[in-house]
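Below is one structure, written out as structure tokens, with a few remarks after it.
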Amino acid sequence: MDFNLLVGGQAGQGLKTVNSILGKVLFREGFNIFSSSDFMSRIRGGHNFMQLRISDQKLYGPDNEIDLLIALDKKTAKIHKEQLKEDGIVLIDGKSEIIDSRAILVPASVIANDINPKGINTVFVGATLKMMGLDLENAEEILPDFFVDEILEDNIKLLRRGYKAVEKIYDNLKKNVTGKEPEIFIDGNSALGYGALSGGLSFYSAYPMSPSTGIMNFLAQQQKDYDLVVEQAEDELAAVNMAMGGSYTGIRSMSGTSGGGLALMNEAIGMAGISEIPLVVADVQRPGPATGLPTRTEQGDLLFAVNTAQGEFPLMVIAPRDHKDLFYSSFRALNIADEYQIPVILLSDQFNADSSKNIPEFDFESLEIKRNLIKKADYGKKEYKRYEFTDDGISPRAYPGQLEDGLVLIDSDEHDEKGHIVEDGEMRKRMVDKRACKLEKLIEKDLNEPEYFGEEDIEYLLITWGSSYGPAREAFQLLQADGIKVGLLSFNDVWPLPKNKLKNLAERVELVTVEMNSTAQFKSLIASETLLDVEHDILKYSGRPFTGKEIYNRFLDEVIDNG
Amino acid sequence: MDFNLLVGGQAGQGLKTVNSILGKVLFREGFNIFSSSDFMSRIRGGHNFMQLRISDQKLYGPDNEIDLLIALDKKTAKIHKEQLKEDGIVLIDGKSEIIDSRAILVPASVIANDINPKGINTVFVGATLKMMGLDLENAEEILPDFFVDEILEDNIKLLRRGYKAVEKIYDNLKKNVTGKEPEIFIDGNSALGYGALSGGLSFYSAYPMSPSTGIMNFLAQQQKDYDLVVEQAEDELAAVNMAMGGSYTGIRSMSGTSGGGLALMNEAIGMAGISEIPLVVADVQRPGPATGLPTRTEQGDLLFAVNTAQGEFPLMVIAPRDHKDLFYSSFRALNIADEYQIPVILLSDQFNADSSKNIPEFDFESLEIKRNLIKKADYGKKEYKRYEFTDDGISPRAYPGQLEDGLVLIDSDEHDEKGHIVEDGEMRKRMVDKRACKLEKLIEKDLNEPEYFGEEDIEYLLITWGSSYGPAREAFQLLQADGIKVGLLSFNDVWPLPKNKLKNLAERVELVTVEMNSTAQFKSLIASETLLDVEHDILKYSGRPFTGKEIYNRFLDEVIDNG
Amino acid sequence: MVNEQEFTIAAETAWCPGCGNFPLRKALSEALQEMDLKPSQVAIFSGIGQAAKVPHYIKTNGFNGLHGRSLPPAIGARVGNHKLKVIVESGDGCTYGEGGNHILHNIRRNPDLVHLVHDNQIYGLTKGQASPTSEESIKTGIQVEGTTSEPFKPIQFAVGMEASFVARSFVGRQDHLKEMIQRAMKHRGYALIDILQPCVSFNKINTYQWYDKRVYRLSEDYDPTNLDEAFKKSREWGDNIPIGVIYKNEKKTFRDRLLLEDDQPLVEKEFESGDADKIMEKFK
Amino acid sequence: MVNEQEFTIAAETAWCPGCGNFPLRKALSEALQEMDLKPSQVAIFSGIGQAAKVPHYIKTNGFNGLHGRSLPPAIGARVGNHKLKVIVESGDGCTYGEGGNHILHNIRRNPDLVHLVHDNQIYGLTKGQASPTSEESIKTGIQVEGTTSEPFKPIQFAVGMEASFVARSFVGRQDHLKEMIQRAMKHRGYALIDILQPCVSFNKINTYQWYDKRVYRLSEDYDPTNLDEAFKKSREWGDNIPIGVIYKNEKKTFRDRLLLEDDQPLVEKEFESGDADKIMEKFK
Ligand SMILES: Cc1ncc(C[n+]2csc(CCOP(=O)(O)OP(=O)(O)O)c2C)c(N)n1
Ligand SMILES: Cc1ncc(C[n+]2csc(CCOP(=O)(O)OP(=O)(O)O)c2C)c(N)n1
Ligand code: SF4
Ligand code: SF4
Ligand SMILES: [Mg+2]
Ligand SMILES: [Mg+2]
């Protein structure tokens, strides 16, 4: 069972509410669910839409063929008509002209005018639930999360009236019921923020920027319950340098932004490199360059992130592949930043950020916070040197005030073991080597090889990094079902690039990267790091995410037919 | 003949004056000359030195074995003693203790106390000229360029007294006299600035940053004679955005900085990419990351420059190989920026910037400024569209006010042909392709293949980019003289990477990059662009430039012995 | 009166119905029209935000640049072609937040341009975070219990810095706003107008009504050239908010300080590479 | 008196002989010493420049950060461990030029820290370009005929913004400077001291003598809590330059506005990942 619902309308019509309530109800009902959104960079008007895909099978991404189109305005019906399946249905406001024979009318504006003219959207929720054969219990339970007291009653009424206004239509919607672990339904930005919070984040300083602001929103809400400070900085330069200051004093600190903000944070990320201050920065990518398409998705910042900042220094870049991974990756990023005293960039994107998915509850038992700070007891009268040379390049880290006699001096210039500016070439060389050494250790000890899906014996290997995993995973299954000998390699750690699995697999197969950008950046990275020739790339750069079927079809066209 | 002179002392002792006067005199005398400097990031004290190497043969870089060591303080003699050739000589102030048997005393402080206590350095100039067997004519002619009227007389006296105080020593200094074209003696920053000025630069906006400030200094001095505005901005963000504004209104505009400043200019460079505003930015590299070593040299910004800014857009990166090239490259950069309406990064470095060399006079006849602006006459009533789709992706460029009825609208968001914000995926895709198309044309029409030096039949290929050319060129000659079958490929255009010559040569030989960085960035770039395996890299990252002999020795050790 | 609607574009905007940006645009285009300017003689520079979309919705040359960077490219334009009428226009967040350093230093630079700040006391485009000018008590998704800073006071700041022309207006006072814009256009030097512009979607405190009740025109005998008085006046906020030219001070402009020889715009000058060859003498 | 020279480092500095940074450092280390502080209780945050090298030449914790970014990491430190005494110290270029936006917004944020600006009216480390505070008439390699802007006036600016504590001192008045530092340290909130600090290498206008002739102490009866008077006083410059606390105004600090529960520094708090599991309820 694979059922796809699209809710569309103008910005400001309360689409997000419809989507969120329906999403949560369907989640509680026990469906697998993938919810994604397509927003314009404006507050009202225009055309926005959200997709809710449900199934009894696991879902990895959106689909563009629609079963049920919920049109909050006329434009929606027009724009998305083409996507409607043969047996698809359009749910539309009663006063609208019927532009499609498959339309079902709901007198939404009439009902709303009766009760509360702003509540058209809630009527649609009620009607949709009825059509899907679900009851109102879950919806009514959820409603208080979305409406303040004054309008709650109205909305319950609106919901019920909508419910009554139409008939049940679908009766074969299958839920995922067998042996399910406890699950949550979460969006990508919250998952990322949640992972950081679970890692003991004490300070998040950022400047609002779509599509990263959701991380800050999530964390800001937690301030009352946790020892956490969320500060909106005057600009990104302040944001990232504040985080470094926090980290210097010993607390876990992080910043987040999108590419344009990352461009302003570069210099500081380099500083975290040379001054060995743990720093985590999330870059939630959107199509660039410059302002680009603020509310759309792309994976165009890879090489920029990997080559962030002038000069050379150890850096890790992690591109979480999905919602579960977003949580565990940001938790892990904080550990790695602390362990190696380096900057870590979390490379998410709008597709990750603004979509929601049901995933297993997070396993807090498995989480271990590793601060890698010195123990005060070890430093009686021993002199403290912030950049002490050690075998693995990692110096003992104290925070200011921790030691009564030890001072912590950090520097953005090249420096000696005590942190003082130096200019001599020998010390420069040793310090560069010291820092490089940390990355060596990270590669040996903490780098995650990509995850492989597929049989031993394959002819093609799909390669993804970050969020293109989801749609590619679906394509992989479709291709497999066709009997094509294909495997899927999904990279999460992208810098340093883990090479072993890729090299092993590459020997006998044709390589295909699947990337949301126009220049196949991951293909370049693979070439520069492994000299492997990736024969094909399936690229997309319209700002809209891939669907599994799209990759499947393009694979057949571009890889097999041109093979 | 190869004679190497080192002047050392504390910051503030007037070293630069000694060096500049000697340099110019030796140039006028007809020697080939390479002058380089080693400065600390401070104003007084410490230890600085400058090297003047002269020869009758062409010179490409500095040498570290010293013939004549001019020690303005005791430290200098100590520090550089080891570098002194067997028959080397130390010229030292009379009141110093003699720390080396090869010392010759000049009573510099005594003389200076007589005439002007601040003039010790000028006494040394006089003494040096005498030892080298040169007369005072050139020096006295030059002196007014260095000293204001009030102290000019004193300095002439100091010079003469110094001259009288020692004996002639060298009598085999050979000049380069045969068939010489007219030449100039110029430093790298001035050459770069001069090239831009010759390209019709009207506006240079920058924020001071070593080692790039010399460009701004050079240009600021020209303001009285040319229609040029040099503006010191409040920060690099302002600097680069100002330049874009200038360029938008139709004048040639440029900014310059070092890596830390480039990190702040990224977002704007990306904007120049998407909004198709011609923009030239010079990055005069120093060792990074962050503050690093402000007055030293490195080639550590290559991949950062190539991958500047989030997102994808056409960009060119040119790394001038030497002083002649610095001039022609910045001239050319302005042409290319205008022709393709793209950002161009000039990647120089401190070694280029702060060294001086004799080179042929610039050939102004060969320079042709190509603005690529529309002709007003072509636009009668035709509607003007800033981003009009064309075959080669290059849209007709007008400036605001140029057309009575045409308006010029540029945008950092994705946009349509008229410059208005768009969000639809199809237009996005077309615009990305349009911009990419320009780079295709550039590659075909305007990309310079690297210069090759050597025979047809080689076993090893030295590969350099930018300024490592000079020392590598010397090493290449030394290796050739040893009968080693080696060639040298010197890249000037580094992005897009010209591949033809390299691929042709690579077939039969071992590849060796020579780079001033610790991670062999050019090797990575070659790998990602050509899949060629560069077997060796000769790297240096102490902040000090290579010498030819050093590369030569390391080649023997690291390439041949480990071959 | 010139050709009506010379500066008006019919295209749909991305602004919310009822937004204060509409009346602002109206006042601006009428002001320009009445001043006998042609669209091609004017260039508007903006950053990023809802306000910053103005160049798309009005018929002039336009430079829709980066968030926070509306002022610097306008300086470049003053260098390239000082015959263009330059208007800088952006939101409160873009101007006073991300772009704070540029307004600080351009007050010192005193370029001859008009700076219109759409001050809705909120980050509109990014969906309602506090901006530098937001009231301390505002609650948003980020500022869950209000801001962690005092509000930035643009007029007080600009008067405190002795900016050349400092005014406040309100989109709910069309004639006043138009007059302010025209006076600013005629002023020689940097002219800032902080324009109260309600955001109907996110700012539930500073609404049309809120401003409407509070703003009052400066009296006829108010002397905007008296700095001390202006500094006092600049601090009035709350129940009574003065609109008008709060401070004025004619002084040397940026262009006055450049070393250019004549009045011909740089963009119109001819240059031959050979003109530069004489510099070689310096290197001989 | 505590252990003499507790805050003094013997190491060689990169400063020029005679530089005003030496007496500034002396006043600072004596001030700290007299306040019974231990080096490990103090952290100095600086940017890049000659002044910014201070953390290397004095015995405290030190954060020698990026050019222009001395203030932001200090805010991070206020979050992480408010028991540390935080001093921000950098040059005029670093603070008012590259870092202008941070001082603008930290006046609003009002963090409890002391901000010492070494104001030599020049870019020292980069060899003598005009800084924001340079006199208009200064001639440098870049400013060949003087600056293209009016000088930035730090005190006027800070008073205009109603910063919490605004003072000026001069390194040639050791006792005064020490007193100012100590008063700033005791002040609750953001305390700015603009310190006149001759640069003997590059600033040939504002020399020791130049300042010496001009500075005068504020009279005993000067009331720094009167904003209008302070604004007048803040504009005195030229033949008579007042030193002392020009303006003072105790108000809510940054930390007062945070939503933290108790006074324990965040760096000392214990946290277990499991504490966060209850948030999952929200997503069910
Ligand atoms: C470097 C950068 N940081 C952040 C953003 C995101 N951003 C876009 S508009 C905006 C705020 C807009 O507020 P304001 O300037 O007040 O304009 P308004 O939308 O209220 O008119 C922000 C933070 C961006 N585009 N670029
Ligand atoms: C991003 C960046 N831009 C520019 C520089 C170069 N720079 C270093 S110090 C300095 C100016 C220093 O002036 P000031 O802050 O007044 O300190 P001073 O040396 O006078 O004490 C500049 C421009 C830099 N290090 N980083
Ligand atoms: S969000 Fe606010 S400022 Fe932006 S268009 Fe809507 S009402 Fe206007
Ligand atoms: S350059 Fe000036 S400020 Fe810097 S150390 Fe020397 S005298 Fe002091
Ligand atoms: Mg706003
Ligand atoms: Mg200074």
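By convention here, the chains of the structure tokens are called A, B, ... in the order presented, each chain's residues are numbered starting at 1, and ligands are numbered starting at 1 in the order presented.
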With a distance cut-off of 10 Å and only C-alpha atoms, select the neighbouring residues of C:Met161, excluding the residue or stretch itself and same-chain residues fewer than 5 positions from it, and output the selection as a ChimeraX atom specification. /C:104-105,107-108,155-156,231 /D:152-154,156-161
Can you work out which residues from chain B touch chain D at a cut-off of 12 Å (counting only C-alpha atoms) and hand them back as an mmCIF file with N, CA, C and O atoms, in the first residue's frame?
```
data_model
loop_
_atom_site.group_PDB
_atom_site.id
_atom_site.type_symbol
_atom_site.label_atom_id
_atom_site.label_comp_id
_atom_site.auth_asym_id
_atom_site.auth_seq_id
_atom_site.Cartn_x
_atom_site.Cartn_y
_atom_site.Cartn_z
ATOM 1 N N GLN B 10 66.897 44.475 12.933
ATOM 2 C CA GLN B 10 65.598 44.524 13.592
ATOM 3 C C GLN B 10 64.593 45.313 12.767
ATOM 4 O O GLN B 10 64.977 46.200 12.004
ATOM 5 N N ALA B 11 63.333 44.992 12.962
ATOM 6 C CA ALA B 11 62.295 45.831 12.375
ATOM 7 C C ALA B 11 62.534 47.242 12.869
ATOM 8 O O ALA B 11 62.877 47.449 14.027
ATOM 9 N N GLY B 12 62.400 48.213 12.003
ATOM 10 C CA GLY B 12 62.590 49.592 12.404
ATOM 11 C C GLY B 12 64.005 50.120 12.189
ATOM 12 O O GLY B 12 64.261 51.306 12.371
ATOM 13 N N GLN B 13 64.940 49.259 11.781
ATOM 14 C CA GLN B 13 66.309 49.745 11.563
ATOM 15 C C GLN B 13 66.514 50.270 10.143
ATOM 16 O O GLN B 13 67.627 50.633 9.771
ATOM 17 N N MET B 40 59.043 39.813 10.146
ATOM 18 C CA MET B 40 58.176 39.376 11.229
ATOM 19 C C MET B 40 56.942 40.259 11.261
ATOM 20 O O MET B 40 56.939 41.366 10.738
ATOM 21 N N SER B 41 55.920 39.737 11.913
ATOM 22 C CA SER B 41 54.697 40.500 12.037
ATOM 23 C C SER B 41 54.830 41.444 13.228
ATOM 24 O O SER B 41 54.197 41.279 14.255
ATOM 25 N N ARG B 42 55.702 42.430 13.087
ATOM 26 C CA ARG B 42 55.879 43.435 14.130
ATOM 27 C C ARG B 42 56.517 44.661 13.497
ATOM 28 O O ARG B 42 56.937 44.618 12.345
ATOM 29 N N ILE B 43 56.557 45.752 14.248
ATOM 30 C CA ILE B 43 56.998 47.017 13.665
ATOM 31 C C ILE B 43 58.442 47.320 14.028
ATOM 32 O O ILE B 43 59.192 47.874 13.243
ATOM 33 N N ARG B 44 58.828 46.975 15.244
ATOM 34 C CA ARG B 44 60.217 47.196 15.659
ATOM 35 C C ARG B 44 60.736 45.948 16.365
ATOM 36 O O ARG B 44 59.988 45.170 16.906
ATOM 37 N N GLY B 45 62.081 45.854 16.375
ATOM 38 C CA GLY B 45 62.704 44.751 17.087
ATOM 39 C C GLY B 45 62.607 43.460 16.306
ATOM 40 O O GLY B 45 62.364 43.449 15.106
ATOM 41 N N GLY B 46 62.807 42.359 16.999
ATOM 42 C CA GLY B 46 62.748 41.055 16.343
ATOM 43 C C GLY B 46 63.889 40.897 15.352
ATOM 44 O O GLY B 46 64.941 41.550 15.462
ATOM 45 N N HIS B 47 63.671 40.031 14.400
ATOM 46 C CA HIS B 47 64.702 39.861 13.381
ATOM 47 C C HIS B 47 64.074 39.747 12.003
ATOM 48 O O HIS B 47 63.284 38.866 11.739
ATOM 49 N N TYR B 204 39.124 50.571 -6.577
ATOM 50 C CA TYR B 204 39.710 49.491 -5.780
ATOM 51 C C TYR B 204 39.252 49.720 -4.347
ATOM 52 O O TYR B 204 39.563 50.740 -3.739
ATOM 53 N N SER B 205 38.477 48.787 -3.829
ATOM 54 C CA SER B 205 38.042 48.931 -2.443
ATOM 55 C C SER B 205 38.539 47.734 -1.664
ATOM 56 O O SER B 205 38.372 46.590 -2.081
ATOM 57 N N ALA B 206 39.192 48.002 -0.566
ATOM 58 C CA ALA B 206 39.821 46.915 0.184
ATOM 59 C C ALA B 206 39.957 47.307 1.639
ATOM 60 O O ALA B 206 39.703 48.451 2.022
ATOM 61 N N TYR B 207 40.315 46.316 2.425
ATOM 62 C CA TYR B 207 40.599 46.523 3.837
ATOM 63 C C TYR B 207 42.032 46.041 4.033
ATOM 64 O O TYR B 207 42.393 44.988 3.498
ATOM 65 N N PRO B 208 42.861 46.795 4.757
ATOM 66 C CA PRO B 208 44.278 46.415 4.830
ATOM 67 C C PRO B 208 44.467 44.999 5.358
ATOM 68 O O PRO B 208 43.813 44.602 6.322
ATOM 69 N N MET B 209 45.293 44.248 4.717
ATOM 70 C CA MET B 209 45.648 42.936 5.238
ATOM 71 C C MET B 209 46.945 42.479 4.592
ATOM 72 O O MET B 209 47.039 42.393 3.370
ATOM 73 N N SER B 210 47.910 42.166 5.438
ATOM 74 C CA SER B 210 49.184 41.649 4.937
ATOM 75 C C SER B 210 48.917 40.289 4.326
ATOM 76 O O SER B 210 48.119 39.540 4.859
ATOM 77 N N PRO B 211 49.594 39.925 3.275
ATOM 78 C CA PRO B 211 50.571 40.699 2.503
ATOM 79 C C PRO B 211 49.959 41.343 1.272
ATOM 80 O O PRO B 211 50.658 41.552 0.291
ATOM 81 N N SER B 212 48.684 41.714 1.333
ATOM 82 C CA SER B 212 48.041 42.268 0.139
ATOM 83 C C SER B 212 48.055 43.786 0.098
ATOM 84 O O SER B 212 47.719 44.387 -0.920
ATOM 85 N N THR B 213 48.393 44.413 1.218
ATOM 86 C CA THR B 213 48.218 45.863 1.324
ATOM 87 C C THR B 213 49.031 46.630 0.278
ATOM 88 O O THR B 213 48.653 47.727 -0.139
ATOM 89 N N GLY B 214 50.148 46.043 -0.153
ATOM 90 C CA GLY B 214 50.983 46.695 -1.157
ATOM 91 C C GLY B 214 50.224 47.022 -2.443
ATOM 92 O O GLY B 214 50.527 48.017 -3.111
ATOM 93 N N ILE B 215 49.259 46.205 -2.792
ATOM 94 C CA ILE B 215 48.463 46.491 -3.993
ATOM 95 C C ILE B 215 47.706 47.799 -3.792
ATOM 96 O O ILE B 215 47.704 48.684 -4.638
ATOM 97 N N MET B 216 47.097 47.901 -2.622
ATOM 98 C CA MET B 216 46.318 49.103 -2.318
ATOM 99 C C MET B 216 47.232 50.323 -2.240
ATOM 100 O O MET B 216 46.891 51.404 -2.721
ATOM 101 N N ASN B 217 48.401 50.139 -1.651
ATOM 102 C CA ASN B 217 49.370 51.235 -1.586
ATOM 103 C C ASN B 217 49.738 51.719 -2.974
ATOM 104 O O ASN B 217 49.732 52.907 -3.253
ATOM 105 N N PHE B 218 50.064 50.768 -3.824
ATOM 106 C CA PHE B 218 50.449 51.144 -5.182
ATOM 107 C C PHE B 218 49.333 51.938 -5.839
ATOM 108 O O PHE B 218 49.556 53.008 -6.404
ATOM 109 N N LEU B 219 48.127 51.407 -5.761
ATOM 110 C CA LEU B 219 47.013 52.049 -6.458
ATOM 111 C C LEU B 219 46.665 53.406 -5.844
ATOM 112 O O LEU B 219 46.371 54.367 -6.555
ATOM 113 N N ALA B 220 46.712 53.469 -4.506
ATOM 114 C CA ALA B 220 46.378 54.739 -3.844
ATOM 115 C C ALA B 220 47.280 55.859 -4.355
ATOM 116 O O ALA B 220 46.837 56.992 -4.555
ATOM 117 N N GLN B 221 48.535 55.531 -4.589
ATOM 118 C CA GLN B 221 49.490 56.539 -5.072
ATOM 119 C C GLN B 221 49.135 57.045 -6.467
ATOM 120 O O GLN B 221 49.579 58.115 -6.875
ATOM 121 N N GLN B 222 48.397 56.257 -7.220
ATOM 122 C CA GLN B 222 48.098 56.645 -8.609
ATOM 123 C C GLN B 222 46.849 57.515 -8.709
ATOM 124 O O GLN B 222 46.505 57.978 -9.792
ATOM 125 N N GLN B 223 46.158 57.701 -7.598
ATOM 126 C CA GLN B 223 44.868 58.394 -7.655
ATOM 127 C C GLN B 223 44.964 59.805 -8.222
ATOM 128 O O GLN B 223 44.040 60.279 -8.865
ATOM 129 N N LYS B 224 46.099 60.443 -7.951
ATOM 130 C CA LYS B 224 46.197 61.833 -8.425
ATOM 131 C C LYS B 224 46.364 61.900 -9.939
ATOM 132 O O LYS B 224 45.988 62.878 -10.560
ATOM 133 N N VAL B 229 39.588 55.565 -7.956
ATOM 134 C CA VAL B 229 39.245 55.774 -6.552
ATOM 135 C C VAL B 229 39.697 54.560 -5.753
ATOM 136 O O VAL B 229 39.369 53.424 -6.103
ATOM 137 N N VAL B 230 40.466 54.801 -4.712
ATOM 138 C CA VAL B 230 40.866 53.724 -3.811
ATOM 139 C C VAL B 230 40.203 53.994 -2.471
ATOM 140 O O VAL B 230 40.421 55.046 -1.869
ATOM 141 N N GLU B 231 39.370 53.083 -2.046
ATOM 142 C CA GLU B 231 38.634 53.316 -0.804
ATOM 143 C C GLU B 231 38.966 52.234 0.220
ATOM 144 O O GLU B 231 38.870 51.035 -0.062
ATOM 145 N N GLN B 232 39.378 52.668 1.389
ATOM 146 C CA GLN B 232 39.588 51.730 2.489
ATOM 147 C C GLN B 232 38.244 51.497 3.159
ATOM 148 O O GLN B 232 37.663 52.408 3.739
ATOM 149 N N ALA B 233 37.766 50.278 3.069
ATOM 150 C CA ALA B 233 36.438 49.966 3.586
ATOM 151 C C ALA B 233 36.493 49.689 5.077
ATOM 152 O O ALA B 233 37.562 49.515 5.654
ATOM 153 N N GLU B 234 35.324 49.632 5.704
ATOM 154 C CA GLU B 234 35.246 49.352 7.139
ATOM 155 C C GLU B 234 35.555 47.896 7.451
ATOM 156 O O GLU B 234 35.955 47.551 8.561
ATOM 157 N N ASP B 235 35.364 47.015 6.481
ATOM 158 C CA ASP B 235 35.686 45.598 6.634
ATOM 159 C C ASP B 235 35.673 44.980 5.240
ATOM 160 O O ASP B 235 35.348 45.655 4.261
ATOM 161 N N GLU B 236 35.989 43.711 5.134
ATOM 162 C CA GLU B 236 36.083 43.080 3.820
ATOM 163 C C GLU B 236 34.712 42.868 3.194
ATOM 164 O O GLU B 236 34.580 42.774 1.977
ATOM 165 N N LEU B 237 33.702 42.739 4.040
ATOM 166 C CA LEU B 237 32.349 42.579 3.527
ATOM 167 C C LEU B 237 31.967 43.820 2.747
ATOM 168 O O LEU B 237 31.428 43.755 1.643
ATOM 169 N N ALA B 238 32.250 44.967 3.315
ATOM 170 C CA ALA B 238 31.982 46.219 2.624
ATOM 171 C C ALA B 238 32.861 46.316 1.382
ATOM 172 O O ALA B 238 32.385 46.684 0.306
ATOM 173 N N ALA B 239 34.121 45.980 1.526
ATOM 174 C CA ALA B 239 35.066 46.147 0.415
ATOM 175 C C ALA B 239 34.555 45.456 -0.834
ATOM 176 O O ALA B 239 34.459 46.051 -1.906
ATOM 177 N N GLY B 260 42.198 35.344 5.037
ATOM 178 C CA GLY B 260 41.210 35.647 6.067
ATOM 179 C C GLY B 260 40.160 36.618 5.564
ATOM 180 O O GLY B 260 38.989 36.541 5.940
ATOM 181 N N GLY B 261 40.583 37.525 4.729
ATOM 182 C CA GLY B 261 39.638 38.455 4.129
ATOM 183 C C GLY B 261 38.812 37.777 3.047
ATOM 184 O O GLY B 261 37.618 38.021 2.916
ATOM 185 N N ALA B 263 37.860 34.856 3.115
ATOM 186 C CA ALA B 263 36.836 34.099 3.834
ATOM 187 C C ALA B 263 35.610 34.973 4.096
ATOM 188 O O ALA B 263 34.496 34.475 4.172
ATOM 189 N N LEU B 264 35.819 36.257 4.230
ATOM 190 C CA LEU B 264 34.694 37.164 4.456
ATOM 191 C C LEU B 264 34.051 37.617 3.143
ATOM 192 O O LEU B 264 32.972 38.193 3.149
ATOM 193 N N PRO B 289 45.514 28.349 8.885
ATOM 194 C CA PRO B 289 44.247 29.073 8.773
ATOM 195 C C PRO B 289 44.205 30.254 9.748
ATOM 196 O O PRO B 289 45.183 30.495 10.468
ATOM 197 N N ALA B 290 43.087 30.957 9.762
ATOM 198 C CA ALA B 290 42.860 32.102 10.646
ATOM 199 C C ALA B 290 44.005 33.095 10.489
ATOM 200 O O ALA B 290 44.432 33.375 9.372
ATOM 201 N N THR B 291 44.526 33.600 11.592
ATOM 202 C CA THR B 291 45.564 34.624 11.476
ATOM 203 C C THR B 291 46.875 34.018 10.984
ATOM 204 O O THR B 291 47.614 34.635 10.222
ATOM 205 N N GLY B 292 47.167 32.795 11.413
ATOM 206 C CA GLY B 292 48.310 32.058 10.888
ATOM 207 C C GLY B 292 49.626 32.784 11.060
ATOM 208 O O GLY B 292 49.982 33.221 12.156
ATOM 209 N N PRO B 294 51.149 36.003 9.555
ATOM 210 C CA PRO B 294 50.703 37.090 8.675
ATOM 211 C C PRO B 294 51.695 37.563 7.628
ATOM 212 O O PRO B 294 51.282 38.061 6.594
ATOM 213 N N THR B 295 52.978 37.438 7.894
ATOM 214 C CA THR B 295 53.933 38.032 6.957
ATOM 215 C C THR B 295 54.738 36.984 6.209
ATOM 216 O O THR B 295 55.795 37.288 5.648
#
```
Using only C-alpha atoms, which residues sit within 12 Å of D:Arg217 once same-chain residues fewer than 3 positions away are excluded, as a VMD selection string? chain D and resid 167 to 170 173 175 to 177 180 212 214 220 to 222 233 240 to 246
B:Leu293 surroundings by only C-alpha atoms, 7 Å radius, close-in-sequence under 3 positions cut, as a VMD selection string: (chain A and resid 413 to 414 423) or (chain B and resid 286 to 288 296)
Residues flagged helix (DSSP H, G or I) by DSSP in stretch 226-372 of chain B, as a ChimeraX atom specification: /B:236-248,259-275,302-306,323-340,350-354,364-366
Distance limit 8 Å, atoms considered: only C-alpha atoms. Which chain B residues sit that close to chain A? Return them as a VMD selection string. chain B and resid 40 259 to 260 262 to 268 270 to 271 273 to 274 287 to 293 300 to 301 303 to 305 307 to 313 412 to 414 423 to 426 428 to 429 432 518 to 519 524 to 529 531 to 533 541 to 544
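Each of D:Pro198, D:Gly274, D:Gly146, D:Gly20 was checked against chain C using only C-alpha atoms; the smallest atom-to-atom distance is that of D:Gly146.
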In Å to one decimal, how far is atom CA of C:Val166 from atom CA of C:Ser46? 19.1 Å
Please compute the atom CA of A:Glu368-atom CA of A:Leu315 distance, one decimal, in Å.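 Between atom CA of A:Glu368 and atom CA of A:Leu315 the gap works out to 21.9 Å.
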Among the residues C:Arg183, C:Lys251, C:Lys53, C:Lys83, the one that comes closest to ligand 5 [using only C-alpha atoms and all ligand atoms]: C:Lys53
Fewer than 6 positions away in the same chain doesn't count, so skip those; otherwise give me all residues within 8 Å of stretch 50-54 of chain A, counting only C-alpha atoms, as a list of chain:residue names.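 What passes the distance filter is A:Met1, A:Asp2, A:Phe3, A:Asn4, A:Leu5, A:Leu6, A:Val7, A:Gly8, A:Leu15, A:Lys16, A:Asn19, A:Gly23, A:Leu26, A:Phe31, A:Asn32, A:Ile33, A:Phe34, A:Ser35, A:Ser36, A:Ser37, A:Asp38, A:Pro62, A:Asp63.
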